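In what follows, a single structure is set out as structure tokens and then discussed.
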Number of protein chains: 2
Amino acid sequence: MSVTAPAGFRAAGVTAGLKPSGRPDVALVVNDGPAHAAAAVYTQNRCAAHPVTWSRTASGDGVVRAVVLNSGGANCYTGAQGFATTHATAELVGELVGAGAADVVVCSTGLIGEQLDRDRLEAGVRAAAAALAADGGADAARAIMTTDTVDKQVHVAGEGWSVGGMAKGAGMLAPALATMLVVLTTDAEVTAGDCDRALRAATRVTFDRLDSDGCQSTNDTVLLMASGASGVRPDPAAFDDAVRAACHDLAQQLVRDAEGADHDIAIEVRHAATEDDAVEVGRSIARSNLFKAAVFGRDPNWGRILAAVGTTSAAFEPHTLDVAVNGVQICVGGEPGASRDLVDLEPRAVQVTVDLHAGDATATVWTNDLTHAYVHENSAYST
Amino acid sequence: MSVTAPAGFRAAGVTAGLKPSGRPDVALVVNDGPAHAAAAVYTQNRCAAHPVTWSRTASGDGVVRAVVLNSGGANCYTGAQGFATTHATAELVGELVGAGAADVVVCSTGLIGEQLDRDRLEAGVRAAAAALAADGGADAARAIMTTDTVDKQVHVAGEGWSVGGMAKGAGMLAPALATMLVVLTTDAEVTAGDCDRALRAATRVTFDRLDSDGCQSTNDTVLLMASGASGVRPDPAAFDDAVRAACHDLAQQLVRDAEGADHDIAIEVRHAATEDDAVEVGRSIARSNLFKAAVFGRDPNWGRILAAVGTTSAAFEPHTLDVAVNGVQICVGGEPGASRDLVDLEPRAVQVTVDLHAGDATATVWTNDLTHAYVHENSAYST
């Protein structure tokens, strides 16, 4: 499992003392080659954190030798001192693993607006470098957790090559990513262009369609590194499929561990005029606090679904809309259909299907319900 | 106070039995003239309820004789039968007050996707017509309450004329209105054009800037009726000011009574390049569940404010942003400013000020915090 399952990678996770909890908080993943192709996607938030600013440049040339990740602080809105911390971290990692700082990606997660303790962070990076191991993937996966209750790892096998990965994120899952750090590795012999194509195609239909609470993070990063160590050059379509499968698996793990969630909700929008329309409608429903609170209350309140549909610019006629919840067609042609009482919302998995009767496009957006635990966890986070 | 404070209006509120609670649920407000000028604004939700569809036409010619309002059911997504109920209600009111049905506005609020009990509704309308009184405004204001904990009334005096009003709404307060029914009355001698100008200008900076939970209702209606009974023709600016003051007062009453709220939050965005930018930024912050949960937790987590700012398309540079909460400048130039510990979030009123340093425009958006009580109330609404 995880980032060290493909050949050519070592990883480690250590405790640097950045987290008050004393749990592991610094992870390092190194690509030992022979190749160092890479691609990454980052948050679209205009208030991006310093590590994102740094890493955009570092990964921009398609070459990444290592990625260092810390929990215990986002290093966002921390001014020149904060950027210097990111820069120094990259320099130190480069020195320790024999690479240039410009080939080191840095990821941080935690509270915004607080300086990282640079001494502790640097000591942690040194400890991680010393602990690097070909079976260190699980340790690394644990060191990037914040409010995650479980670590998240994946391994997708190809023919003689594979894709591994780890992710953290348990809230702020929103369009175009959200305090979500994902590192994917592969030993396939692929170019940076292959990585970029596969990663963008995969994130578009996986991480980009998670919308746990509509809040977009300042630190999101999804990085794919390719070592070429298998010596196998996969068919591009097979590689794309494997990367997408890895992203899908990690995305579902993120939804299942969303902060305080009681239900995992898949919203499938069918027969939209365009895929964009389908995504817009799905996201609008996923962001309706009223709908999400209703699911928490085991209440199949389809009026709240249609009220959310009505706020979109998607093509549809109100009197032709159908809504099913967990297989029960409770709204047909914009009127009450089967009885709400037939809908069982006790299971954690909830399937909402909205039929727009406007075309042939389909998309699914994933979200969670709005619960007391969500409010509790997010009202007590920084205090 | 209320809709019968201006001369020329009678009102009533009665119990028709539409609400399981047995509380009053049908209100009637009649304009006895001599004039019957009116204007209205409605929800922008494309899934509008039948009463909205009816009333858009009824008020479209600038003449309204009466408005009938029911709680206990939204009459939305109820098909042809639902529209027939709205139509029949308007016909009955017209017959009872000596007007054409086409001059009767109908408003409904409650659960979506359930038929109204037409027999009970009609009996209620007859009882309300029989109970019409020149001091019936308070009864009417109570009959439109749903989850409101207090009735909401206003009276703004001009020189020899005045504006009265009532409102219901305690959730779903969102852009471009939200299950919010507002009836304003005036005895000023004004035209339908005056009403339209004053009402649009007023709602744009009051009701349209409430964003309690980002959910837009299917039934919102704000109606202004003018009787001309004072015989006084006010200066247009004075009339506009009075309508805006009435709307502002009612909007603040709505925020203070938002479902489950613990704090009322005013988000002032200063030095925006345009007023639209200021509103976009304010609304983005108002919709951040993470920010709203932090306020509930008395946590001045300004990182969540800036993360929300970063999702907008407004003109700004991240490193020049300032944020103050309750007067404490906790972020200056995109870096930590005064200590978070200085911010007292115990009082119900919270003032957030974001300075974009990008121009001269300012706007304020009002919202509430995200609380356990919000989740509780909205997870148990229809069950």
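FYI, nothing fancy with the structure tokens labels: chains A, B, ... in order, residues from 1 per chain, ligands from 1 as they appear.
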Residues near segment 57-62 of chain B, anyone? I mean within 8 Å using only C-alpha atoms, not counting same-chain ones fewer than 4 positions away, as an mmCIF file with all heavy atoms, in the first residue's frame.
```
data_model
loop_
_atom_site.group_PDB
_atom_site.id
_atom_site.type_symbol
_atom_site.label_atom_id
_atom_site.label_comp_id
_atom_site.auth_asym_id
_atom_site.auth_seq_id
_atom_site.Cartn_x
_atom_site.Cartn_y
_atom_site.Cartn_z
ATOM 1 N N ALA B 37 -51.806 51.433 -5.732
ATOM 2 C CA ALA B 37 -50.490 51.256 -6.365
ATOM 3 C C ALA B 37 -49.695 50.200 -5.604
ATOM 4 O O ALA B 37 -49.847 50.048 -4.392
ATOM 5 C CB ALA B 37 -49.731 52.582 -6.371
ATOM 6 N N ALA B 38 -48.864 49.476 -6.317
ATOM 7 C CA ALA B 38 -48.087 48.426 -5.662
ATOM 8 C C ALA B 38 -46.866 48.062 -6.487
ATOM 9 O O ALA B 38 -46.794 48.349 -7.689
ATOM 10 C CB ALA B 38 -48.939 47.183 -5.444
ATOM 11 N N ALA B 39 -45.936 47.428 -5.807
ATOM 12 C CA ALA B 39 -44.776 46.831 -6.473
ATOM 13 C C ALA B 39 -44.354 45.635 -5.639
ATOM 14 O O ALA B 39 -44.661 45.547 -4.448
ATOM 15 C CB ALA B 39 -43.624 47.828 -6.590
ATOM 16 N N ALA B 40 -43.664 44.694 -6.268
ATOM 17 C CA ALA B 40 -43.231 43.503 -5.538
ATOM 18 C C ALA B 40 -41.939 42.982 -6.116
ATOM 19 O O ALA B 40 -41.642 43.192 -7.295
ATOM 20 C CB ALA B 40 -44.302 42.416 -5.601
ATOM 21 N N THR B 53 -45.592 32.316 -8.923
ATOM 22 C CA THR B 53 -45.965 32.381 -10.337
ATOM 23 C C THR B 53 -47.239 33.213 -10.505
ATOM 24 O O THR B 53 -47.332 34.087 -11.373
ATOM 25 C CB THR B 53 -46.201 30.956 -10.883
ATOM 26 O OG1 THR B 53 -45.035 30.175 -10.619
ATOM 27 C CG2 THR B 53 -46.488 30.974 -12.370
ATOM 28 N N ALA B 102 -57.271 38.966 -10.158
ATOM 29 C CA ALA B 102 -55.999 39.381 -10.744
ATOM 30 C C ALA B 102 -55.342 40.512 -9.967
ATOM 31 O O ALA B 102 -54.203 40.877 -10.256
ATOM 32 C CB ALA B 102 -56.205 39.810 -12.200
ATOM 33 N N ASP B 103 -56.052 41.080 -8.999
ATOM 34 C CA ASP B 103 -55.454 42.107 -8.145
ATOM 35 C C ASP B 103 -55.154 41.583 -6.748
ATOM 36 O O ASP B 103 -54.970 42.345 -5.803
ATOM 37 C CB ASP B 103 -56.380 43.333 -8.057
ATOM 38 C CG ASP B 103 -56.453 44.086 -9.383
ATOM 39 O OD1 ASP B 103 -55.502 43.948 -10.186
ATOM 40 O OD2 ASP B 103 -57.454 44.776 -9.622
ATOM 41 N N VAL B 104 -55.141 40.254 -6.611
ATOM 42 C CA VAL B 104 -54.864 39.634 -5.309
ATOM 43 C C VAL B 104 -53.527 38.886 -5.366
ATOM 44 O O VAL B 104 -53.349 37.987 -6.194
ATOM 45 C CB VAL B 104 -55.988 38.660 -4.906
ATOM 46 C CG1 VAL B 104 -55.631 37.954 -3.584
ATOM 47 C CG2 VAL B 104 -57.318 39.397 -4.791
ATOM 48 N N VAL B 105 -52.622 39.266 -4.482
ATOM 49 C CA VAL B 105 -51.340 38.570 -4.348
ATOM 50 C C VAL B 105 -51.500 37.441 -3.334
ATOM 51 O O VAL B 105 -52.170 37.598 -2.316
ATOM 52 C CB VAL B 105 -50.230 39.557 -3.927
ATOM 53 C CG1 VAL B 105 -48.996 38.829 -3.394
ATOM 54 C CG2 VAL B 105 -49.858 40.451 -5.109
ATOM 55 N N ALA B 192 -47.281 53.487 -8.754
ATOM 56 C CA ALA B 192 -46.665 52.156 -8.813
ATOM 57 C C ALA B 192 -45.188 52.279 -9.169
ATOM 58 O O ALA B 192 -44.352 51.518 -8.677
ATOM 59 C CB ALA B 192 -47.398 51.288 -9.840
ATOM 60 N N GLY B 193 -44.862 53.263 -10.003
ATOM 61 C CA GLY B 193 -43.464 53.481 -10.367
ATOM 62 C C GLY B 193 -42.633 53.899 -9.160
ATOM 63 O O GLY B 193 -41.496 53.439 -8.975
#
```
For this session: Name the residues in contact with Ala101 of chain B at a cut-off of 6 Å, using only C-alpha atoms, excluding same-chain residues fewer than 3 positions from it; report them as an NGL selection string.
Result: :B and (90-91 or 94 or 104)
What does the file look like for those residues with C-alpha atoms, as a PDB file, in the first residue's frame?
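What follows is the written file part.pdb:
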```pdb
ATOM      1  CA  ALA B  90     -57.156  34.501  -5.122  1.00  0.00           C
ATOM      2  CA  GLU B  91     -60.655  34.188  -6.563  1.00  0.00           C
ATOM      3  CA  GLY B  94     -61.336  38.865  -4.624  1.00  0.00           C
ATOM      4  CA  VAL B 104     -54.864  39.634  -5.309  1.00  0.00           C
TER       5      VAL B 104
END
```
For this session: as a PyMOL selection string, list the residues of segment 2-193 of chain A assigned to strand (DSSP E or B) by DSSP on the backbone atoms of this structure.
Result: chain A and resi 9-14+26-31+37-42+63+66-70+73+104-109+133+152-157+162-168+181-186
Could you dump the residues just selected with N, CA and C atoms as a short mmCIF file (atom, residue, chain, number, x, y, z; two decimals), in the first residue's frame?
```cif
data_model
loop_
_atom_site.label_atom_id
_atom_site.label_comp_id
_atom_site.auth_asym_id
_atom_site.auth_seq_id
_atom_site.Cartn_x
_atom_site.Cartn_y
_atom_site.Cartn_z
N PHE A 9 10.89 4.34 -4.51
CA PHE A 9 10.54 5.38 -3.54
C PHE A 9 10.88 4.95 -2.12
N ARG A 10 11.32 5.91 -1.32
CA ARG A 10 11.46 5.72 0.12
C ARG A 10 10.64 6.80 0.81
N ALA A 11 10.21 6.49 2.03
CA ALA A 11 9.41 7.46 2.75
C ALA A 11 9.63 7.29 4.25
N ALA A 12 9.21 8.33 4.98
CA ALA A 12 9.29 8.28 6.44
C ALA A 12 8.25 9.23 7.03
N GLY A 13 7.90 8.96 8.27
CA GLY A 13 7.01 9.86 9.02
C GLY A 13 7.53 9.93 10.44
N VAL A 14 7.71 11.15 10.96
CA VAL A 14 8.30 11.31 12.29
C VAL A 14 7.53 12.36 13.10
N VAL A 26 5.69 15.18 10.53
CA VAL A 26 6.53 15.48 9.36
C VAL A 26 6.69 14.21 8.54
N ALA A 27 6.40 14.31 7.24
CA ALA A 27 6.54 13.18 6.34
C ALA A 27 7.46 13.57 5.19
N LEU A 28 8.18 12.58 4.70
CA LEU A 28 9.09 12.82 3.59
C LEU A 28 8.94 11.66 2.61
N VAL A 29 8.82 11.97 1.32
CA VAL A 29 8.76 10.94 0.29
C VAL A 29 9.81 11.30 -0.75
N VAL A 30 10.71 10.38 -1.03
CA VAL A 30 11.81 10.63 -1.95
C VAL A 30 11.72 9.69 -3.14
N ASN A 31 11.88 10.26 -4.32
CA ASN A 31 11.92 9.49 -5.56
C ASN A 31 13.39 9.19 -5.90
N ALA A 37 10.07 12.23 -13.20
CA ALA A 37 8.97 12.96 -13.82
C ALA A 37 7.88 13.23 -12.78
N ALA A 38 7.18 14.33 -12.94
CA ALA A 38 6.14 14.66 -11.96
C ALA A 38 5.14 15.65 -12.54
N ALA A 39 4.00 15.70 -11.88
CA ALA A 39 2.99 16.72 -12.18
C ALA A 39 2.24 16.99 -10.90
N ALA A 40 1.64 18.17 -10.80
CA ALA A 40 0.89 18.50 -9.59
C ALA A 40 -0.25 19.44 -9.92
N VAL A 41 -1.29 19.37 -9.10
CA VAL A 41 -2.35 20.37 -9.16
C VAL A 41 -2.48 20.97 -7.77
N TYR A 42 -2.86 22.25 -7.74
CA TYR A 42 -2.90 23.00 -6.48
C TYR A 42 -4.25 23.69 -6.31
N VAL A 63 9.84 18.12 -12.95
CA VAL A 63 10.84 17.31 -12.24
C VAL A 63 10.69 17.54 -10.74
N ALA A 66 11.68 15.08 -4.40
CA ALA A 66 11.18 14.74 -3.07
C ALA A 66 10.04 15.67 -2.70
N VAL A 67 9.20 15.20 -1.78
CA VAL A 67 8.16 16.05 -1.21
C VAL A 67 8.22 15.91 0.30
N VAL A 68 8.19 17.08 0.98
CA VAL A 68 8.16 17.09 2.44
C VAL A 68 6.82 17.68 2.86
N LEU A 69 6.19 17.05 3.83
CA LEU A 69 4.87 17.50 4.25
C LEU A 69 4.86 17.65 5.77
N ASN A 70 4.25 18.73 6.24
CA ASN A 70 4.07 18.83 7.69
C ASN A 70 2.62 19.11 8.02
N GLY A 73 0.44 23.09 11.13
CA GLY A 73 0.55 24.50 10.74
C GLY A 73 0.50 24.64 9.24
N VAL A 104 12.24 20.18 -4.89
CA VAL A 104 11.58 19.71 -3.67
C VAL A 104 10.22 20.41 -3.52
N VAL A 105 9.16 19.62 -3.45
CA VAL A 105 7.81 20.14 -3.20
C VAL A 105 7.57 20.17 -1.69
N VAL A 106 6.96 21.25 -1.22
CA VAL A 106 6.67 21.40 0.20
C VAL A 106 5.16 21.52 0.39
N CYS A 107 4.61 20.78 1.36
CA CYS A 107 3.19 20.85 1.67
C CYS A 107 3.02 21.07 3.17
N SER A 108 2.10 21.94 3.54
CA SER A 108 1.82 22.18 4.96
C SER A 108 0.32 22.16 5.18
N THR A 109 -0.09 21.77 6.37
CA THR A 109 -1.51 21.78 6.70
C THR A 109 -1.68 22.03 8.18
N ALA A 133 12.77 4.88 4.38
CA ALA A 133 12.82 3.43 4.19
C ALA A 133 11.90 3.05 3.04
N LYS A 152 -5.00 7.28 5.14
CA LYS A 152 -5.60 6.96 3.84
C LYS A 152 -4.51 6.59 2.86
N GLN A 153 -4.55 5.34 2.39
CA GLN A 153 -3.54 4.84 1.48
C GLN A 153 -4.23 4.08 0.35
N VAL A 154 -3.50 3.95 -0.76
CA VAL A 154 -4.05 3.22 -1.90
C VAL A 154 -2.92 2.58 -2.68
N HIS A 155 -3.24 1.50 -3.37
CA HIS A 155 -2.29 0.89 -4.28
C HIS A 155 -3.07 0.26 -5.43
N VAL A 156 -2.77 0.69 -6.64
CA VAL A 156 -3.43 0.17 -7.83
C VAL A 156 -2.36 -0.48 -8.71
N ALA A 157 -2.52 -1.76 -8.99
CA ALA A 157 -1.50 -2.50 -9.74
C ALA A 157 -1.77 -2.46 -11.23
N SER A 162 2.89 -0.03 -10.96
CA SER A 162 1.72 0.26 -10.13
C SER A 162 1.68 1.73 -9.76
N VAL A 163 0.59 2.13 -9.16
CA VAL A 163 0.42 3.49 -8.63
C VAL A 163 0.09 3.36 -7.15
N GLY A 164 0.83 4.08 -6.32
CA GLY A 164 0.55 4.11 -4.89
C GLY A 164 0.16 5.52 -4.48
N GLY A 165 -0.40 5.65 -3.29
CA GLY A 165 -0.77 7.00 -2.87
C GLY A 165 -1.17 7.08 -1.43
N MET A 166 -1.12 8.33 -0.92
CA MET A 166 -1.62 8.61 0.42
C MET A 166 -2.32 9.96 0.38
N ALA A 167 -3.23 10.17 1.32
CA ALA A 167 -3.97 11.42 1.36
C ALA A 167 -4.29 11.78 2.79
N LYS A 168 -4.42 13.09 3.02
CA LYS A 168 -4.99 13.55 4.29
C LYS A 168 -6.07 14.56 3.96
N LEU A 181 -4.09 17.00 1.12
CA LEU A 181 -2.75 16.76 0.58
C LEU A 181 -2.73 15.33 0.08
N VAL A 182 -2.33 15.16 -1.16
CA VAL A 182 -2.30 13.84 -1.77
C VAL A 182 -0.95 13.67 -2.46
N VAL A 183 -0.28 12.56 -2.16
CA VAL A 183 0.95 12.22 -2.88
C VAL A 183 0.72 10.87 -3.56
N LEU A 184 0.90 10.86 -4.86
CA LEU A 184 0.80 9.64 -5.65
C LEU A 184 2.18 9.31 -6.20
N THR A 185 2.49 8.04 -6.25
CA THR A 185 3.78 7.60 -6.80
C THR A 185 3.52 6.50 -7.82
N THR A 186 4.43 6.39 -8.77
CA THR A 186 4.35 5.28 -9.71
C THR A 186 5.75 4.90 -10.17
#
```
Kindly provide, as a short mmCIF file (atom, residue, chain, number, x, y, z; two decimals) with C-alpha atoms, in the first residue's frame, the residues of chain B having any atom no farther than 8 Å from an atom of chain A, counting only C-alpha atoms.
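Now in part22.cif:
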```cif
data_model
loop_
_atom_site.label_atom_id
_atom_site.label_comp_id
_atom_site.auth_asym_id
_atom_site.auth_seq_id
_atom_site.Cartn_x
_atom_site.Cartn_y
_atom_site.Cartn_z
CA GLN B 44 -34.92 34.43 -8.16
CA ASN B 45 -35.13 30.68 -7.59
CA ARG B 46 -36.09 29.06 -10.89
CA CYS B 47 -38.12 26.49 -9.00
CA ALA B 48 -40.58 29.11 -7.82
CA TYR B 77 -43.94 21.36 -6.49
CA THR B 78 -47.55 20.42 -6.11
CA GLY B 79 -48.47 20.28 -9.79
CA LEU B 111 -43.00 22.49 3.54
CA ILE B 112 -42.42 21.97 -0.20
CA GLY B 113 -44.10 19.13 -2.06
CA GLU B 114 -47.26 18.78 0.02
CA MET B 172 -33.09 30.11 4.37
CA ASP B 213 -27.46 29.98 5.44
CA GLY B 214 -26.98 30.46 1.72
CA CYS B 215 -30.17 28.60 0.87
CA GLN B 216 -32.52 30.41 -1.46
CA SER B 217 -36.22 29.84 -1.01
CA THR B 218 -38.84 29.06 -3.62
CA SER B 288 -18.23 29.73 4.94
CA ASN B 289 -19.47 27.04 7.29
CA LEU B 290 -16.00 26.88 8.81
CA ALA B 293 -18.78 27.42 13.17
CA ALA B 294 -15.68 29.23 14.48
CA VAL B 295 -17.81 32.21 15.55
CA PHE B 296 -20.13 29.84 17.38
CA GLY B 297 -17.01 28.53 19.16
CA ARG B 298 -15.94 32.11 20.08
CA ASP B 299 -12.85 31.57 17.93
CA ASN B 301 -10.18 32.30 13.22
CA TRP B 302 -9.29 34.92 10.61
CA GLY B 303 -7.61 32.33 8.38
CA ARG B 304 -11.06 31.02 7.54
CA LEU B 306 -9.20 35.00 4.24
CA ALA B 307 -9.67 31.53 2.78
CA ALA B 308 -13.21 32.62 1.87
CA VAL B 309 -11.96 35.91 0.42
CA GLY B 310 -9.54 33.91 -1.73
CA THR B 311 -12.35 32.06 -3.49
CA THR B 312 -13.80 35.26 -4.97
CA PRO B 318 -3.47 38.80 -0.70
CA HIS B 319 -0.58 40.55 1.04
CA GLY B 334 -1.93 39.61 5.18
CA GLU B 335 0.01 38.74 8.35
CA PRO B 336 -0.91 38.19 11.98
CA LEU B 370 -23.50 27.89 12.51
CA THR B 371 -24.67 26.24 15.70
CA HIS B 372 -25.87 22.96 17.10
CA VAL B 375 -28.50 21.65 12.75
CA HIS B 376 -31.10 20.43 15.21
CA ASN B 378 -33.17 21.94 10.29
CA SER B 379 -32.77 18.22 10.71
CA ALA B 380 -36.15 17.93 12.42
CA TYR B 381 -38.24 20.34 10.38
CA SER B 382 -40.50 18.13 8.31
CA THR B 383 -40.51 15.06 10.52
#
```
Problem set entry | Distance query segment 252-254 of chain B at most 12 Å, only C-alpha atoms, self and fewer than 5 positions along chain excluded, as a ChimeraX atom specification | /B:145,147-154,165-174,177-182,205-207,209-212,245-247,259,261,264-266,349,365-368
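One finds atom CA of Ala251 of chain A at 24.2 Å from atom CA of Asp235 of chain A.
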For this session: State, in Å with one decimal place, the distance from atom CA of Glu268 of chain B to atom CA of Asp355 of chain B.
Result: 8.4 Å
For this session: Excluding Ser230 of chain B and any residue of its chain fewer than 5 positions from it, enumerate the residues within 9 Å of it, using only C-alpha atoms, and give them as a PyMOL selection string.
Result: chain B and resi 6-8+160-162+186-189
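The coordinates place atom CA of Thr146 of chain A at 7.4 Å from atom CA of Gly72 of chain A.
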Exercise. Do you know which residues are at most 6 Å from His271 of chain A counting only C-alpha atoms, after dropping those on the same chain fewer than 3 positions away, and could you put them as a PyMOL selection string?
Worked result: chain A and resi 355-361
Output for the residues just chosen: N, CA, C and O atoms as a PDB file, in the first residue's frame:
```
ATOM      1  N   ASP A 355     -32.918  13.755 -12.078  1.00  0.00           N
ATOM      2  CA  ASP A 355     -32.989  13.651 -13.537  1.00  0.00           C
ATOM      3  C   ASP A 355     -33.500  14.978 -14.091  1.00  0.00           C
ATOM      4  O   ASP A 355     -34.610  15.414 -13.782  1.00  0.00           O
ATOM      5  N   LEU A 356     -32.651  15.634 -14.898  1.00  0.00           N
ATOM      6  CA  LEU A 356     -33.013  16.954 -15.432  1.00  0.00           C
ATOM      7  C   LEU A 356     -33.801  16.860 -16.736  1.00  0.00           C
ATOM      8  O   LEU A 356     -34.390  17.852 -17.176  1.00  0.00           O
ATOM      9  N   HIS A 357     -33.777  15.693 -17.388  1.00  0.00           N
ATOM     10  CA  HIS A 357     -34.476  15.530 -18.676  1.00  0.00           C
ATOM     11  C   HIS A 357     -34.114  16.636 -19.657  1.00  0.00           C
ATOM     12  O   HIS A 357     -34.982  17.234 -20.288  1.00  0.00           O
ATOM     13  N   ALA A 358     -32.829  16.915 -19.746  1.00  0.00           N
ATOM     14  CA  ALA A 358     -32.407  18.026 -20.611  1.00  0.00           C
ATOM     15  C   ALA A 358     -31.290  17.630 -21.568  1.00  0.00           C
ATOM     16  O   ALA A 358     -30.829  18.472 -22.333  1.00  0.00           O
ATOM     17  N   GLY A 359     -30.840  16.389 -21.528  1.00  0.00           N
ATOM     18  CA  GLY A 359     -29.746  15.999 -22.414  1.00  0.00           C
ATOM     19  C   GLY A 359     -29.188  14.646 -22.037  1.00  0.00           C
ATOM     20  O   GLY A 359     -29.903  13.818 -21.461  1.00  0.00           O
ATOM     21  N   ASP A 360     -27.925  14.423 -22.331  1.00  0.00           N
ATOM     22  CA  ASP A 360     -27.329  13.095 -22.151  1.00  0.00           C
ATOM     23  C   ASP A 360     -26.166  13.062 -21.162  1.00  0.00           C
ATOM     24  O   ASP A 360     -25.544  12.019 -20.985  1.00  0.00           O
ATOM     25  N   ALA A 361     -25.835  14.189 -20.544  1.00  0.00           N
ATOM     26  CA  ALA A 361     -24.654  14.228 -19.673  1.00  0.00           C
ATOM     27  C   ALA A 361     -24.998  13.811 -18.248  1.00  0.00           C
ATOM     28  O   ALA A 361     -26.122  14.010 -17.770  1.00  0.00           O
TER      29      ALA A 361
END
```
For this session: Using backbone DSSP assignments, extract all alpha helix (DSSP H) residues from segment 138-266 of chain B; output them as a ChimeraX atom specification.
Result: /B:138-143,192-205,236-256
For this session: May I have the residues within 9 Å of His36 of chain B as number ranges by chain, using only C-alpha atoms and disregarding those fewer than 6 positions away in the same chain?
Result: B: 62-65, 191-192, 225-228
